[in-house]
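Comments concern the structure below.
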Amino acid sequence: MSGHSKFANIKHKKEKNDAAKGKIFTIIGREIAVAVKEGGPDPANNSKLRDVIAKAKSNNMPNDTIERGIKKAAGDANSVNYVSATYEGYGPNGTAIIVDTLTDNKNRTAANVRNAFTKGKGNVGTQGCVSFMFDKKGQIIIAKEDCEMDADDLMMAALDAGAEDFSEEEDSFEVITDPDSFSQVRQALEAAGIAMASAEVTMIPQNYVELTDEKDIANMNKILDLLDDDDDVQQVYHNWAE
C-alpha cells in the first residue's frame with residue numbers, strides 16, 4: 001500500500017471526526033443500541049458490547065455518554081430498531097467499495113448510497129460482487145509513540161493472546177486476528193496496559209488499486225465524502241491505495 005501509514009490514516013480520520021464528533025458518536029451510539037438489544041446491557045456477558053465500548057473509548061467518547069446509551073437501549077422497548085444492510089460496488093477505475101449501514105429506513109439508505117456512487121461516477125453492484133476481494137479480520141493498531149514495550153515482547157504478547165499476525169511500520173505496530181479471536185486478543189492487550197490507537201473488526205483488501213488520474217481521485221473522494229456525511233453509514237471499506 002502506498003501513501004500514508006495505517007496510523008497516519010487513523011490520525012487523519014480522527015482529526016476529521018474531531019471536526020464532526022457528532023457523526024462518530026451517532027455511529028457508535030447506534031452500534032451500542034444494536035449490541036444491547038442483541039446481547040443485553042452487561043458487557044461482561046456481551047462480547048459485542050465490550051468491543052463497541054472499546055471502540056467508543058478509542059474515539060474519546062465520554063463514559064457517561066456510553067453508559068447513557070446502554071441504559072437507553074436496555075430500558076426503552078420502543079427505541080428505534082436499526083436494521084443492518086451492506087452495499088457493495090465499484091468506484092473509479094474498478095476500485096472496490098463496501099458500505100456497512102445501520103438504518104431505520106432501508107429505502108432512504110439505499111437511495112442515498114446509490115446517489116453517492118452515481119455522483120462519483122461509480123455504481124452499486126450485487127451482493128458479493130467485491131467482498132471476495134477483502135478478508136474479514138480483527139485489526140489492532142498500536143502507535144509507537146504510545147507504546148513503551150519492546151517490539152519483540154509486544155509481538156509475543158499478541159501472538160500468545162491468539163493473534164494471527166504482527167507487523168511493524170515506521171510509526172506503529174499492527175496486530176491481525178481472526179474475527180472470532182478479536183475480543184480475547186484486544187482484552188489481553190488492554191489488560192497488559194497497551195494503548196491502542198484503533199481496535200476493530202474490519203475488511204482488509206487483498207490488493208490495492210492505484211488512482212493516478214485527477215478526475216478519478218476527485219470522483220473517489222466525492223463518493224467517500226458523501227458516504228461519510230450520511231448518518232446511516234457506519235463504515236466504508238475500499239481498496240484505493242490512498
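Every chain in the C-alpha cells has a letter given in the order shown (A, B, ...), and although residue numbers restart at 1 in each chain, ligands are simply numbered from 1 in the order shown.
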So which residues touch stretch 207-217 of chain A within 7 Å, counting only C-alpha atoms, skipping near sequence neighbours fewer than 6 positions away, as a compact mmCIF listing (two decimals) with N, CA and C atoms, in the first residue's frame?
# COMPACT_ATOMS: atom_id res chain seq x y z
N MET A 1 0.85 -1.20 0.00
CA MET A 1 0.00 0.00 0.00
C MET A 1 0.89 1.24 0.00
N PRO A 92 -14.23 4.65 -9.26
CA PRO A 92 -13.45 4.88 -10.48
C PRO A 92 -12.35 3.82 -10.66
N THR A 95 -12.13 0.42 -8.57
CA THR A 95 -11.91 0.32 -7.12
C THR A 95 -13.12 -0.35 -6.47
N ASN A 239 -10.47 -0.42 -1.50
CA ASN A 239 -9.10 -0.87 -1.80
C ASN A 239 -8.29 0.16 -2.58
N TRP A 240 -8.66 1.42 -2.42
CA TRP A 240 -7.87 2.50 -3.04
C TRP A 240 -6.61 2.72 -2.21
N ALA A 241 -5.48 2.70 -2.88
CA ALA A 241 -4.21 2.96 -2.20
C ALA A 241 -4.02 4.46 -2.06
Query raised in the report: Quick one: residues within 12 Å of A:Lys71, only C-alpha atoms counted, chain neighbours fewer than 2 positions away excluded, as a list in words?
Result: Gly29, Ile32, Ala33, Val36, Lys37, Gly40, Pro41, Asp42, Asp64, Thr65, Ile66, Glu67, Arg68, Gly69, Ala73, Ala74, Gly75, Asp76, Ala77 and Ser79 of chain A
Export N, CA, C and O atoms of the chosen residues as a tab-separated table (two decimals), in the first residue's frame?
chain	number	residue	atom	x	y	z
A	29	GLY	N	-23.19	5.21	18.93
A	29	GLY	CA	-24.46	5.11	19.68
A	29	GLY	C	-25.38	4.06	19.09
A	29	GLY	O	-26.02	3.28	19.81
A	32	ILE	N	-24.00	0.62	19.89
A	32	ILE	CA	-24.31	0.27	21.28
A	32	ILE	C	-25.74	-0.24	21.38
A	32	ILE	O	-26.01	-1.28	21.99
A	33	ALA	N	-26.68	0.49	20.76
A	33	ALA	CA	-28.11	0.12	20.81
A	33	ALA	C	-28.32	-1.28	20.25
A	33	ALA	O	-29.03	-2.11	20.83
A	36	VAL	N	-26.72	-3.99	22.60
A	36	VAL	CA	-27.52	-4.20	23.82
A	36	VAL	C	-28.78	-5.02	23.50
A	36	VAL	O	-29.13	-5.95	24.22
A	37	LYS	N	-29.43	-4.68	22.39
A	37	LYS	CA	-30.66	-5.42	22.00
A	37	LYS	C	-30.35	-6.88	21.70
A	37	LYS	O	-31.15	-7.77	21.96
A	40	GLY	N	-27.89	-7.96	25.50
A	40	GLY	CA	-28.09	-7.47	26.85
A	40	GLY	C	-27.13	-6.36	27.23
A	40	GLY	O	-26.13	-6.13	26.55
A	41	PRO	N	-27.43	-5.66	28.37
A	41	PRO	CA	-26.68	-4.45	28.72
A	41	PRO	C	-25.39	-4.69	29.53
A	41	PRO	O	-24.70	-3.73	29.85
A	42	ASP	N	-25.09	-5.95	29.86
A	42	ASP	CA	-23.92	-6.22	30.70
A	42	ASP	C	-22.73	-6.59	29.83
A	42	ASP	O	-22.70	-7.67	29.23
A	64	ASP	N	-19.88	8.69	30.52
A	64	ASP	CA	-21.29	8.89	30.84
A	64	ASP	C	-22.17	8.82	29.60
A	64	ASP	O	-23.31	8.38	29.64
A	65	THR	N	-21.61	9.21	28.44
A	65	THR	CA	-22.35	9.09	27.18
A	65	THR	C	-22.54	7.62	26.82
A	65	THR	O	-23.62	7.20	26.37
A	66	ILE	N	-21.49	6.82	27.03
A	66	ILE	CA	-21.56	5.38	26.77
A	66	ILE	C	-22.62	4.74	27.67
A	66	ILE	O	-23.49	4.00	27.21
A	67	GLU	N	-22.54	5.07	28.97
A	67	GLU	CA	-23.48	4.47	29.93
A	67	GLU	C	-24.93	4.88	29.64
A	67	GLU	O	-25.84	4.07	29.75
A	68	ARG	N	-25.11	6.15	29.25
A	68	ARG	CA	-26.45	6.63	28.89
A	68	ARG	C	-27.01	5.83	27.71
A	68	ARG	O	-28.18	5.45	27.70
A	69	GLY	N	-26.15	5.60	26.73
A	69	GLY	CA	-26.56	4.85	25.54
A	69	GLY	C	-26.98	3.43	25.88
A	69	GLY	O	-27.97	2.91	25.35
A	73	ALA	N	-30.86	1.99	25.59
A	73	ALA	CA	-31.16	0.83	24.76
A	73	ALA	C	-31.78	-0.30	25.58
A	73	ALA	O	-32.67	-1.01	25.11
A	74	ALA	N	-31.30	-0.43	26.84
A	74	ALA	CA	-31.81	-1.52	27.70
A	74	ALA	C	-33.20	-1.22	28.23
A	74	ALA	O	-34.02	-2.13	28.40
A	75	GLY	N	-33.47	0.05	28.49
A	75	GLY	CA	-34.71	0.39	29.19
A	75	GLY	C	-35.86	0.81	28.32
A	75	GLY	O	-37.00	0.90	28.77
A	76	ASP	N	-35.59	1.07	27.04
A	76	ASP	CA	-36.65	1.60	26.18
A	76	ASP	C	-37.04	0.58	25.12
A	76	ASP	O	-36.38	0.43	24.09
A	77	ALA	N	-38.12	-0.14	25.39
A	77	ALA	CA	-38.59	-1.17	24.45
A	77	ALA	C	-39.05	-0.56	23.13
A	77	ALA	O	-39.10	-1.22	22.10
A	79	SER	N	-37.55	1.98	21.65
A	79	SER	CA	-36.48	2.72	20.97
A	79	SER	C	-36.36	2.23	19.53
A	79	SER	O	-36.82	1.14	19.18
Report task. Just the residues within 9 Å of stretch 192-203 of chain A, please, counting only C-alpha atoms, with nothing from its chain fewer than 6 positions along; format it as an NGL selection string. Result -> :A and (7 or 10-11 or 51-52 or 54-55 or 58-59 or 98 or 131 or 134-143 or 146-149 or 154 or 157 or 177-179 or 182 or 186 or 235 or 237-238)
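Counting only C-alpha atoms, the residue from A:Ile28, A:Val83, A:Val175, A:Val124 that sits nearest to A:Lys106 is A:Val83.
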Report task. Do a neighbour search on stretch 220-222 of chain A at 8 Å with only C-alpha atoms, toss out local chain neighbours closer than 4 positions, and write the hits as JSON, numbers by chain. Result -> {"A": [91, 92, 116, 119, 120, 216, 226]}
Report task. Would you mind writing down, as a PyMOL selection string, each residue of stretch 86-241 of chain A that DSSP on the backbone assigns to strand (DSSP E or B)? Result -> chain A and resi 86-90+96-103+123-124+134-143+165-168+172-177+198-205+209+233-238+240
**Report entry** Spatial neighbours of A:Gly89, 10 Å, only C-alpha atoms, chain gap at least 2 places, as a count of residues only
**Finding:** 22
Report task. Could you tell me which of A:Leu189, A:Val233, A:Met133, A:Ile70 comes closest to A:Asp160 if we count only C-alpha atoms? Result -> A:Leu189
Query - Between atom CA of A:Glu170 and atom CA of A:Met156, distance in Å (one decimal) - result: 19.2 Å
Query - Residue list (alpha helix (DSSP H), DSSP) for stretch 12-228 of chain A, as JSON, numbers by chain - result: {"A": [12, 13, 14, 15, 16, 17, 18, 21, 22, 23, 24, 25, 26, 27, 28, 29, 30, 31, 32, 33, 34, 35, 36, 37, 38, 39, 47, 48, 49, 50, 51, 52, 53, 54, 55, 56, 57, 58, 63, 64, 65, 66, 67, 68, 69, 70, 71, 72, 73, 74, 75, 106, 107, 108, 109, 110, 111, 112, 113, 114, 115, 116, 117, 118, 119, 151, 152, 153, 154, 155, 156, 157, 158, 159, 160, 161, 182, 183, 184, 185, 186, 187, 188, 189, 190, 191, 214, 215, 216, 217, 218, 219, 220, 221, 222, 223, 224, 225, 226, 227, 228]}
Excluding A:Tyr82 and residues on its chain fewer than 5 positions from it, collect all residues at most 8 Å away from it, counting only C-alpha atoms, and give them as a CSV table (one decimal) with N, CA and C atoms, in the first residue's frame.
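Okay, out-v2.csv is ready:
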chain,number,residue,atom,x,y,z
A,30,ARG,N,-25.5,4.0,17.8
A,30,ARG,CA,-26.3,3.0,17.1
A,30,ARG,C,-25.7,1.6,17.3
A,34,VAL,N,-27.7,-1.6,19.1
A,34,VAL,CA,-27.8,-2.9,18.5
A,34,VAL,C,-27.2,-4.0,19.3
A,102,LEU,N,-26.4,1.0,9.3
A,102,LEU,CA,-27.5,0.7,10.3
A,102,LEU,C,-28.5,1.8,10.1
A,103,THR,N,-29.8,1.3,9.8
A,103,THR,CA,-30.8,2.3,9.5
A,103,THR,C,-32.2,1.9,10.0
A,104,ASP,N,-33.0,2.9,10.1
A,104,ASP,CA,-34.4,2.7,10.5
A,104,ASP,C,-35.3,2.9,9.2
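Separating atom CA of A:Ala218 from atom CA of A:Asn107 is a distance of 27.3 Å.
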Residue contacts of A:Ser167 (9 Å, only C-alpha atoms) excluding same-chain residues fewer than 4 positions away, as a PDB file with N, CA, C and O atoms, in the first residue's frame:
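Output file result-v9.pdb is given in full below:
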ATOM      1  N   MET A 155       5.047  -8.365  20.240  1.00  0.00           N
ATOM      2  CA  MET A 155       4.666  -9.414  19.290  1.00  0.00           C
ATOM      3  C   MET A 155       4.317 -10.706  20.030  1.00  0.00           C
ATOM      4  O   MET A 155       3.296 -11.338  19.749  1.00  0.00           O
ATOM      5  N   SER A 172       4.110   2.633  13.818  1.00  0.00           N
ATOM      6  CA  SER A 172       3.085   1.855  14.527  1.00  0.00           C
ATOM      7  C   SER A 172       3.321   0.356  14.397  1.00  0.00           C
ATOM      8  O   SER A 172       4.163  -0.096  13.616  1.00  0.00           O
ATOM      9  N   PHE A 173       2.570  -0.399  15.196  1.00  0.00           N
ATOM     10  CA  PHE A 173       2.524  -1.855  15.096  1.00  0.00           C
ATOM     11  C   PHE A 173       1.103  -2.242  14.703  1.00  0.00           C
ATOM     12  O   PHE A 173       0.143  -1.589  15.114  1.00  0.00           O
ATOM     13  N   GLU A 174       0.996  -3.312  13.926  1.00  0.00           N
ATOM     14  CA  GLU A 174      -0.321  -3.808  13.537  1.00  0.00           C
ATOM     15  C   GLU A 174      -0.470  -5.250  14.001  1.00  0.00           C
ATOM     16  O   GLU A 174       0.395  -6.088  13.747  1.00  0.00           O
ATOM     17  N   VAL A 175      -1.580  -5.524  14.673  1.00  0.00           N
ATOM     18  CA  VAL A 175      -1.900  -6.880  15.121  1.00  0.00           C
ATOM     19  C   VAL A 175      -3.144  -7.330  14.358  1.00  0.00           C
ATOM     20  O   VAL A 175      -4.151  -6.629  14.336  1.00  0.00           O
ATOM     21  N   ILE A 176      -3.049  -8.493  13.701  1.00  0.00           N
ATOM     22  CA  ILE A 176      -4.184  -9.040  12.940  1.00  0.00           C
ATOM     23  C   ILE A 176      -4.681 -10.297  13.641  1.00  0.00           C
ATOM     24  O   ILE A 176      -3.891 -11.147  14.053  1.00  0.00           O
TER      25      ILE A 176
END
